[in-house]
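Asks: Got a structure for you, final_16.cif, holding mmCIF, C-alpha atoms.
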data_data
loop_
_atom_site.group_PDB
_atom_site.id
_atom_site.type_symbol
_atom_site.label_atom_id
_atom_site.label_comp_id
_atom_site.auth_asym_id
_atom_site.auth_seq_id
_atom_site.Cartn_x
_atom_site.Cartn_y
_atom_site.Cartn_z
ATOM 1 C CA MET A 1 66.364 -85.165 9.382
ATOM 2 C CA ILE A 2 69.898 -86.388 8.844
ATOM 3 C CA PHE A 3 72.864 -84.330 7.677
ATOM 4 C CA GLU A 4 75.900 -85.887 6.054
ATOM 5 C CA PRO A 5 79.176 -85.453 7.964
ATOM 6 C CA ARG A 6 80.913 -82.156 7.231
ATOM 7 C CA ASP A 7 84.454 -83.371 7.817
ATOM 8 C CA ARG A 8 85.087 -85.817 4.994
ATOM 9 C CA SER A 9 88.575 -86.680 6.278
ATOM 10 C CA SER A 10 87.214 -88.344 9.404
ATOM 11 C CA ILE A 11 84.711 -90.584 7.602
ATOM 12 C CA MET A 12 85.406 -94.217 8.399
ATOM 13 C CA ASN A 13 82.895 -95.677 5.959
ATOM 14 C CA VAL A 14 81.732 -94.423 2.553
ATOM 15 C CA THR A 15 78.224 -95.823 2.940
ATOM 16 C CA PHE A 16 76.000 -95.243 5.915
ATOM 17 C CA PRO A 17 73.224 -97.466 7.187
ATOM 18 C CA GLN A 18 69.646 -96.477 6.439
ATOM 19 C CA PHE A 19 68.207 -94.699 9.468
ATOM 20 C CA THR A 20 64.589 -95.383 10.360
ATOM 21 C CA LEU A 21 62.218 -93.776 12.805
ATOM 22 C CA SER A 22 58.947 -95.550 13.651
ATOM 23 C CA GLY A 23 59.335 -97.649 10.525
ATOM 24 C CA SER A 24 59.899 -94.686 8.191
ATOM 25 C CA SER A 25 63.211 -94.256 6.384
ATOM 26 C CA LEU A 26 64.980 -90.959 6.997
ATOM 27 C CA GLN A 27 66.657 -89.217 4.064
ATOM 28 C CA TYR A 28 69.892 -87.238 4.027
ATOM 29 C CA VAL A 29 69.168 -83.564 3.326
ATOM 30 C CA LYS A 30 71.137 -80.350 2.784
ATOM 31 C CA THR A 31 68.370 -78.085 4.150
ATOM 32 C CA PHE A 32 65.177 -78.644 6.070
ATOM 33 C CA LYS A 33 62.327 -76.275 6.941
ATOM 34 C CA TYR A 34 61.159 -76.628 10.544
ATOM 35 C CA LEU A 35 58.492 -74.300 11.951
ATOM 36 C CA GLY A 36 59.263 -71.836 9.169
ATOM 37 C CA HIS A 37 62.999 -71.754 9.920
ATOM 38 C CA MET A 38 65.444 -73.150 7.356
ATOM 39 C CA ILE A 39 68.074 -75.403 8.923
ATOM 40 C CA SER A 40 71.091 -76.254 6.773
ATOM 41 C CA ASP A 41 73.675 -78.985 7.075
ATOM 42 C CA THR A 42 76.343 -76.337 7.720
ATOM 43 C CA LEU A 43 74.284 -75.015 10.684
ATOM 44 C CA SER A 44 74.568 -71.574 9.124
ATOM 45 C CA ASP A 45 71.644 -69.155 9.005
ATOM 46 C CA ASP A 46 72.441 -67.907 5.480
ATOM 47 C CA VAL A 47 69.754 -70.097 3.878
ATOM 48 C CA ASP A 48 67.124 -68.819 6.306
ATOM 49 C CA MET A 49 68.179 -65.228 5.693
ATOM 50 C CA GLN A 50 67.771 -65.776 1.933
ATOM 51 C CA ARG A 51 64.271 -67.127 2.605
ATOM 52 C CA GLU A 52 63.500 -64.004 4.628
ATOM 53 C CA ILE A 53 64.771 -61.738 1.819
ATOM 54 C CA ARG A 54 62.407 -63.411 -0.670
ATOM 55 C CA ASN A 55 59.497 -63.179 1.767
ATOM 56 C CA LEU A 56 60.198 -59.537 2.600
ATOM 57 C CA PHE A 57 60.276 -58.537 -1.079
ATOM 58 C CA ALA A 58 57.064 -60.496 -1.725
ATOM 59 C CA ARG A 59 55.218 -58.923 1.231
ATOM 60 C CA CYS A 60 56.414 -55.439 0.338
ATOM 61 C CA ASN A 61 55.386 -55.777 -3.324
ATOM 62 C CA ILE A 62 51.914 -56.955 -2.319
ATOM 63 C CA LEU A 63 51.549 -54.063 0.133
ATOM 64 C CA ALA A 64 52.827 -51.534 -2.410
ATOM 65 C CA ARG A 65 50.306 -52.682 -5.029
ATOM 66 C CA ARG A 66 47.284 -52.924 -2.751
ATOM 67 C CA PHE A 67 47.836 -49.923 -0.489
ATOM 68 C CA ALA A 68 49.626 -47.394 -2.714
ATOM 69 C CA LYS A 69 46.995 -44.690 -2.177
ATOM 70 C CA CYS A 70 46.669 -45.052 1.612
ATOM 71 C CA SER A 71 47.812 -42.406 4.042
ATOM 72 C CA VAL A 72 51.319 -42.498 5.517
ATOM 73 C CA TYR A 73 49.899 -43.504 8.920
ATOM 74 C CA VAL A 74 48.159 -46.544 7.454
ATOM 75 C CA LYS A 75 51.302 -47.455 5.532
ATOM 76 C CA ILE A 76 53.430 -47.219 8.694
ATOM 77 C CA ALA A 77 51.065 -49.562 10.519
ATOM 78 C CA LEU A 78 51.122 -52.023 7.596
ATOM 79 C CA PHE A 79 54.909 -51.868 7.312
ATOM 80 C CA ILE A 80 55.315 -52.565 11.033
ATOM 81 C CA MET A 81 52.928 -55.534 10.870
ATOM 82 C CA TYR A 82 54.164 -57.148 7.671
ATOM 83 C CA CYS A 83 57.771 -56.076 7.136
ATOM 84 C CA ILE A 84 59.310 -55.480 10.569
ATOM 85 C CA CYS A 85 57.960 -58.609 12.232
ATOM 86 C CA LEU A 86 60.699 -61.132 11.414
ATOM 87 C CA TYR A 87 59.587 -64.474 12.805
ATOM 88 C CA ASP A 88 62.936 -66.049 13.610
ATOM 89 C CA ALA A 89 65.527 -63.271 13.384
ATOM 90 C CA GLY A 90 66.396 -63.704 17.045
ATOM 91 C CA LEU A 91 67.686 -67.190 16.274
ATOM 92 C CA TRP A 92 70.258 -66.038 13.717
ATOM 93 C CA LEU A 93 73.750 -66.500 15.115
ATOM 94 C CA ARG A 94 75.972 -67.944 12.364
ATOM 95 C CA TYR A 95 75.848 -66.139 9.017
ATOM 96 C CA LYS A 96 78.104 -64.446 6.508
ATOM 97 C CA SER A 97 78.360 -60.679 6.598
ATOM 98 C CA GLY A 98 77.127 -60.654 2.992
ATOM 99 C CA SER A 99 73.841 -62.251 4.054
ATOM 100 C CA LEU A 100 73.298 -59.551 6.655
ATOM 101 C CA SER A 101 74.185 -56.853 4.094
ATOM 102 C CA ASN A 102 71.722 -58.331 1.595
ATOM 103 C CA LEU A 103 68.962 -58.423 4.189
ATOM 104 C CA THR A 104 69.676 -54.844 5.283
ATOM 105 C CA PHE A 105 69.628 -53.749 1.620
ATOM 106 C CA CYS A 106 66.316 -55.573 1.136
ATOM 107 C CA TYR A 107 64.769 -53.861 4.189
ATOM 108 C CA ASN A 108 65.930 -50.426 3.026
ATOM 109 C CA LYS A 109 64.770 -51.008 -0.554
ATOM 110 C CA CYS A 110 61.348 -52.182 0.640
ATOM 111 C CA LEU A 111 61.099 -49.114 2.858
ATOM 112 C CA LYS A 112 61.763 -46.797 -0.082
ATOM 113 C CA LEU A 113 59.508 -48.726 -2.454
ATOM 114 C CA PHE A 114 56.514 -48.894 -0.136
ATOM 115 C CA PHE A 115 56.638 -45.271 1.001
ATOM 116 C CA GLY A 116 57.465 -43.869 -2.455
ATOM 117 C CA TYR A 117 60.933 -42.485 -1.786
ATOM 118 C CA LYS A 118 63.562 -42.119 -4.482
ATOM 119 C CA ARG A 119 66.554 -44.415 -4.831
ATOM 120 C CA HIS A 120 69.098 -41.865 -3.587
ATOM 121 C CA ASP A 121 67.100 -40.601 -0.595
ATOM 122 C CA SER A 122 68.785 -41.021 2.783
ATOM 123 C CA VAL A 123 67.580 -44.086 4.669
ATOM 124 C CA THR A 124 68.412 -42.412 7.971
ATOM 125 C CA GLN A 125 66.249 -39.406 7.098
ATOM 126 C CA ILE A 126 63.411 -41.674 5.931
ATOM 127 C CA LEU A 127 63.510 -43.630 9.199
ATOM 128 C CA LEU A 128 63.484 -40.401 11.211
ATOM 129 C CA ASP A 129 60.596 -38.956 9.178
ATOM 130 C CA LEU A 130 58.483 -42.102 9.546
ATOM 131 C CA GLY A 131 59.518 -43.021 13.083
ATOM 132 C CA LEU A 132 60.520 -46.537 12.044
ATOM 133 C CA PRO A 133 63.472 -48.546 13.371
ATOM 134 C CA SER A 134 66.593 -49.321 11.370
ATOM 135 C CA PHE A 135 67.211 -52.915 10.391
ATOM 136 C CA LYS A 136 69.935 -53.276 13.027
ATOM 137 C CA THR A 137 67.424 -52.161 15.647
ATOM 138 C CA VAL A 138 64.894 -54.725 14.386
ATOM 139 C CA LEU A 139 67.509 -57.491 14.702
ATOM 140 C CA HIS A 140 68.587 -56.317 18.152
ATOM 141 C CA ASN A 141 64.977 -56.200 19.374
ATOM 142 C CA SER A 142 64.296 -59.703 18.029
ATOM 143 C CA SER A 143 67.331 -61.093 19.840
ATOM 144 C CA THR A 144 66.455 -59.293 23.065
ATOM 145 C CA VAL A 145 62.841 -60.520 23.055
ATOM 146 C CA LEU A 146 63.972 -64.099 22.422
ATOM 147 C CA HIS A 147 66.609 -63.911 25.160
ATOM 148 C CA ARG A 148 64.189 -62.485 27.728
ATOM 149 C CA SER A 149 61.499 -65.027 26.848
ATOM 150 C CA TRP A 150 64.006 -67.839 27.176
ATOM 151 C CA CYS A 151 65.416 -66.622 30.493
ATOM 152 C CA ASN A 152 61.959 -66.006 32.002
ATOM 153 C CA ASN A 153 60.472 -69.335 30.900
ATOM 154 C CA ARG A 154 59.280 -71.515 33.822
ATOM 155 C CA SER A 155 59.397 -74.889 32.086
ATOM 156 C CA PRO A 156 61.574 -77.284 34.164
ATOM 157 C CA ILE A 157 63.701 -78.225 31.141
ATOM 158 C CA VAL A 158 64.191 -74.622 30.065
ATOM 159 C CA MET A 159 64.903 -73.540 33.657
ATOM 160 C CA HIS A 160 67.654 -76.159 33.875
ATOM 161 C CA LEU A 161 69.163 -74.934 30.599
ATOM 162 C CA ASN A 162 68.808 -71.342 31.839
ATOM 163 C CA LEU A 163 71.188 -72.127 34.683
ATOM 164 C CA ILE A 164 73.790 -72.970 32.082
ATOM 165 C CA LEU A 165 73.061 -70.355 29.400
ATOM 166 C CA CYS A 166 71.625 -67.263 31.088
ATOM 167 C CA SER A 167 74.193 -67.190 33.848
ATOM 168 C CA THR A 168 76.998 -66.764 31.293
ATOM 169 C CA THR A 169 75.293 -64.200 29.014
ATOM 170 C CA SER A 170 73.354 -61.099 29.905
ATOM 171 C CA ILE A 171 71.453 -58.630 27.741
ATOM 172 C CA GLU A 172 70.368 -55.498 29.545
#
Re-express the file's structure as structure tokens.
Replies:
Amino acid sequence: MIFEPRDRSSIMNVTFPQFTLSGSSLQYVKTFKYLGHMISDTLSDDVDMQREIRNLFARCNILARRFAKCSVYVKIALFIMYCICLYDAGLWLRYKSGSLSNLTFCYNKCLKLFFGYKRHDSVTQILLDLGLPSFKTVLHNSSTVLHRSWCNNRSPIVMHLNLILCSTTSIE
């Protein structure tokens, strides 16, 4: 994957040579999906957050259609498995506040839709009634799990990087 230079003022040449890897030509791209995570040429996580919004709405709509008549306990278990488990949320570091607001809105709307609450019902009260975490808590937990996994990894390469990264940051 090759990204074009972001700073156009420092470009020395208008055309770039064709890059090859093992005989295959590499193309310039704006975004690239790697292991389910969208990587953009701006190195911002906004594109990946938009992908997660679409996926969350799709999962919630499927659950709402198929399990509308289930008990609240079954719905809570389904919501935890399919809507709270965000695969790569712990990786999100650079994003616009609007992207986070949109994702929080999506989470809250899915919560109300799936459990049959009205539009104007309090999200805080719904979360308390159901015993589910807020979206900020879901993000915090994702970041904490990733950080702990990274810092406790025993791979020689990761351990070397841990000396640099984990010594400067700490999540309790």
Asks: Under the PyMOL selection byres ((chain A and resi 62) around 12), which residues of this model are included? Write them out as a list in words.
Replies: Asn55, Leu56, Phe57, Ala58, Arg59, Cys60, Asn61, Leu63, Ala64, Arg65, Arg66, Phe67, Ala68, Leu78, Phe79, Tyr82, Cys83, Cys110, Leu113 and Phe114 of chain A
Asks: Taking the file above as input, evaluate the PyMOL selection byres ((chain A and resi 87-97) around 12) and report the hits as a PyMOL selection string.
Replies: chain A and resi 34-40+42-53+55-56+81-86+98-104+135-150
Asks: How many Å separate CA of Cys70 in chain A from CA of Gly116 in chain A?
Replies: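 Value for the CA of Cys70 in chain A-CA of Gly116 in chain A distance: 11.6 Å.
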Asks: From the list A:His120, A:Cys106, A:Pro133, A:Asp41, which residue is nearest Tyr28 in chain A when using all atoms listed in the file?
Replies: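 Ranking A:His120, A:Cys106, A:Pro133, A:Asp41 by distance to Tyr28 in chain A, first place goes to A:Asp41.
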Asks: Interatomic distance between CA of Ile126 in chain A and CA of Ile80 in chain A?
Replies: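 So the answer is 14.5 Å.
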Asks: May I ask which of the residues A:Tyr107, A:Phe115, A:Phe32, A:Phe19 is the closest one to Ala77 in chain A, counting only C-alpha atoms?
Replies: A:Phe115
Asks: Would you compute an axis-aligned box for range 74-87 of chain A, covering every atom listed for it in the file with 5 Å of margin on each side, and report centre and edge lengths in Å to one decimal as JSON?
Replies:
{"center_x": 54.4, "center_y": -55.5, "center_z": 9.2, "size_x": 22.5, "size_y": 27.9, "size_z": 17.3}
Asks: My structure is short of atoms at range 102-126 of chain A; please model N, CA and C atoms there, returning them as a PDB file, keeping the file's coordinate frame.
Replies:
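Writing the result to part_0.pdb gives the following:
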ATOM      1  N   ASN A 102      72.827 -58.137   2.544  1.00  0.00           N
ATOM      2  CA  ASN A 102      71.722 -58.331   1.595  1.00  0.00           C
ATOM      3  C   ASN A 102      70.372 -58.111   2.265  1.00  0.00           C
ATOM      4  N   LEU A 103      70.224 -58.592   3.476  1.00  0.00           N
ATOM      5  CA  LEU A 103      68.962 -58.423   4.189  1.00  0.00           C
ATOM      6  C   LEU A 103      68.734 -56.955   4.569  1.00  0.00           C
ATOM      7  N   THR A 104      69.782 -56.272   4.976  1.00  0.00           N
ATOM      8  CA  THR A 104      69.676 -54.844   5.283  1.00  0.00           C
ATOM      9  C   THR A 104      69.307 -54.059   4.021  1.00  0.00           C
ATOM     10  N   PHE A 105      69.948 -54.389   2.899  1.00  0.00           N
ATOM     11  CA  PHE A 105      69.628 -53.749   1.620  1.00  0.00           C
ATOM     12  C   PHE A 105      68.168 -53.991   1.254  1.00  0.00           C
ATOM     13  N   CYS A 106      67.705 -55.217   1.441  1.00  0.00           N
ATOM     14  CA  CYS A 106      66.316 -55.573   1.136  1.00  0.00           C
ATOM     15  C   CYS A 106      65.348 -54.738   1.974  1.00  0.00           C
ATOM     16  N   TYR A 107      65.615 -54.642   3.277  1.00  0.00           N
ATOM     17  CA  TYR A 107      64.769 -53.861   4.189  1.00  0.00           C
ATOM     18  C   TYR A 107      64.714 -52.401   3.734  1.00  0.00           C
ATOM     19  N   ASN A 108      65.878 -51.834   3.440  1.00  0.00           N
ATOM     20  CA  ASN A 108      65.930 -50.426   3.026  1.00  0.00           C
ATOM     21  C   ASN A 108      65.235 -50.211   1.682  1.00  0.00           C
ATOM     22  N   LYS A 109      65.414 -51.138   0.757  1.00  0.00           N
ATOM     23  CA  LYS A 109      64.770 -51.008  -0.554  1.00  0.00           C
ATOM     24  C   LYS A 109      63.248 -51.116  -0.422  1.00  0.00           C
ATOM     25  N   CYS A 110      62.791 -52.042   0.413  1.00  0.00           N
ATOM     26  CA  CYS A 110      61.348 -52.182   0.640  1.00  0.00           C
ATOM     27  C   CYS A 110      60.771 -50.924   1.279  1.00  0.00           C
ATOM     28  N   LEU A 111      61.514 -50.350   2.198  1.00  0.00           N
ATOM     29  CA  LEU A 111      61.099 -49.114   2.858  1.00  0.00           C
ATOM     30  C   LEU A 111      60.895 -48.002   1.827  1.00  0.00           C
ATOM     31  N   LYS A 112      61.864 -47.839   0.945  1.00  0.00           N
ATOM     32  CA  LYS A 112      61.763 -46.797  -0.082  1.00  0.00           C
ATOM     33  C   LYS A 112      60.648 -47.088  -1.076  1.00  0.00           C
ATOM     34  N   LEU A 113      60.532 -48.338  -1.482  1.00  0.00           N
ATOM     35  CA  LEU A 113      59.508 -48.726  -2.454  1.00  0.00           C
ATOM     36  C   LEU A 113      58.111 -48.486  -1.898  1.00  0.00           C
ATOM     37  N   PHE A 114      57.859 -48.962  -0.700  1.00  0.00           N
ATOM     38  CA  PHE A 114      56.514 -48.894  -0.136  1.00  0.00           C
ATOM     39  C   PHE A 114      56.076 -47.461   0.161  1.00  0.00           C
ATOM     40  N   PHE A 115      57.007 -46.636   0.632  1.00  0.00           N
ATOM     41  CA  PHE A 115      56.638 -45.271   1.001  1.00  0.00           C
ATOM     42  C   PHE A 115      56.871 -44.264  -0.124  1.00  0.00           C
ATOM     43  N   GLY A 116      57.341 -44.725  -1.286  1.00  0.00           N
ATOM     44  CA  GLY A 116      57.465 -43.869  -2.455  1.00  0.00           C
ATOM     45  C   GLY A 116      58.663 -42.944  -2.462  1.00  0.00           C
ATOM     46  N   TYR A 117      59.724 -43.305  -1.772  1.00  0.00           N
ATOM     47  CA  TYR A 117      60.933 -42.485  -1.786  1.00  0.00           C
ATOM     48  C   TYR A 117      61.788 -42.829  -3.001  1.00  0.00           C
ATOM     49  N   LYS A 118      62.667 -41.905  -3.347  1.00  0.00           N
ATOM     50  CA  LYS A 118      63.562 -42.119  -4.482  1.00  0.00           C
ATOM     51  C   LYS A 118      64.757 -42.972  -4.061  1.00  0.00           C
ATOM     52  N   ARG A 119      65.430 -43.498  -5.046  1.00  0.00           N
ATOM     53  CA  ARG A 119      66.554 -44.415  -4.831  1.00  0.00           C
ATOM     54  C   ARG A 119      67.682 -43.792  -4.013  1.00  0.00           C
ATOM     55  N   HIS A 120      67.958 -42.515  -4.237  1.00  0.00           N
ATOM     56  CA  HIS A 120      69.098 -41.865  -3.587  1.00  0.00           C
ATOM     57  C   HIS A 120      68.731 -41.138  -2.296  1.00  0.00           C
ATOM     58  N   ASP A 121      67.494 -41.243  -1.845  1.00  0.00           N
ATOM     59  CA  ASP A 121      67.100 -40.601  -0.595  1.00  0.00           C
ATOM     60  C   ASP A 121      67.796 -41.286   0.580  1.00  0.00           C
ATOM     61  N   SER A 122      68.084 -40.517   1.601  1.00  0.00           N
ATOM     62  CA  SER A 122      68.785 -41.021   2.783  1.00  0.00           C
ATOM     63  C   SER A 122      67.874 -41.935   3.608  1.00  0.00           C
ATOM     64  N   VAL A 123      68.354 -43.141   3.862  1.00  0.00           N
ATOM     65  CA  VAL A 123      67.580 -44.086   4.669  1.00  0.00           C
ATOM     66  C   VAL A 123      67.426 -43.561   6.092  1.00  0.00           C
ATOM     67  N   THR A 124      68.475 -42.962   6.617  1.00  0.00           N
ATOM     68  CA  THR A 124      68.412 -42.412   7.971  1.00  0.00           C
ATOM     69  C   THR A 124      67.333 -41.345   8.070  1.00  0.00           C
ATOM     70  N   GLN A 125      67.270 -40.454   7.091  1.00  0.00           N
ATOM     71  CA  GLN A 125      66.249 -39.406   7.098  1.00  0.00           C
ATOM     72  C   GLN A 125      64.848 -40.000   6.951  1.00  0.00           C
ATOM     73  N   ILE A 126      64.709 -41.008   6.111  1.00  0.00           N
ATOM     74  CA  ILE A 126      63.411 -41.674   5.931  1.00  0.00           C
ATOM     75  C   ILE A 126      62.953 -42.294   7.248  1.00  0.00           C
TER      76      ILE A 126
END
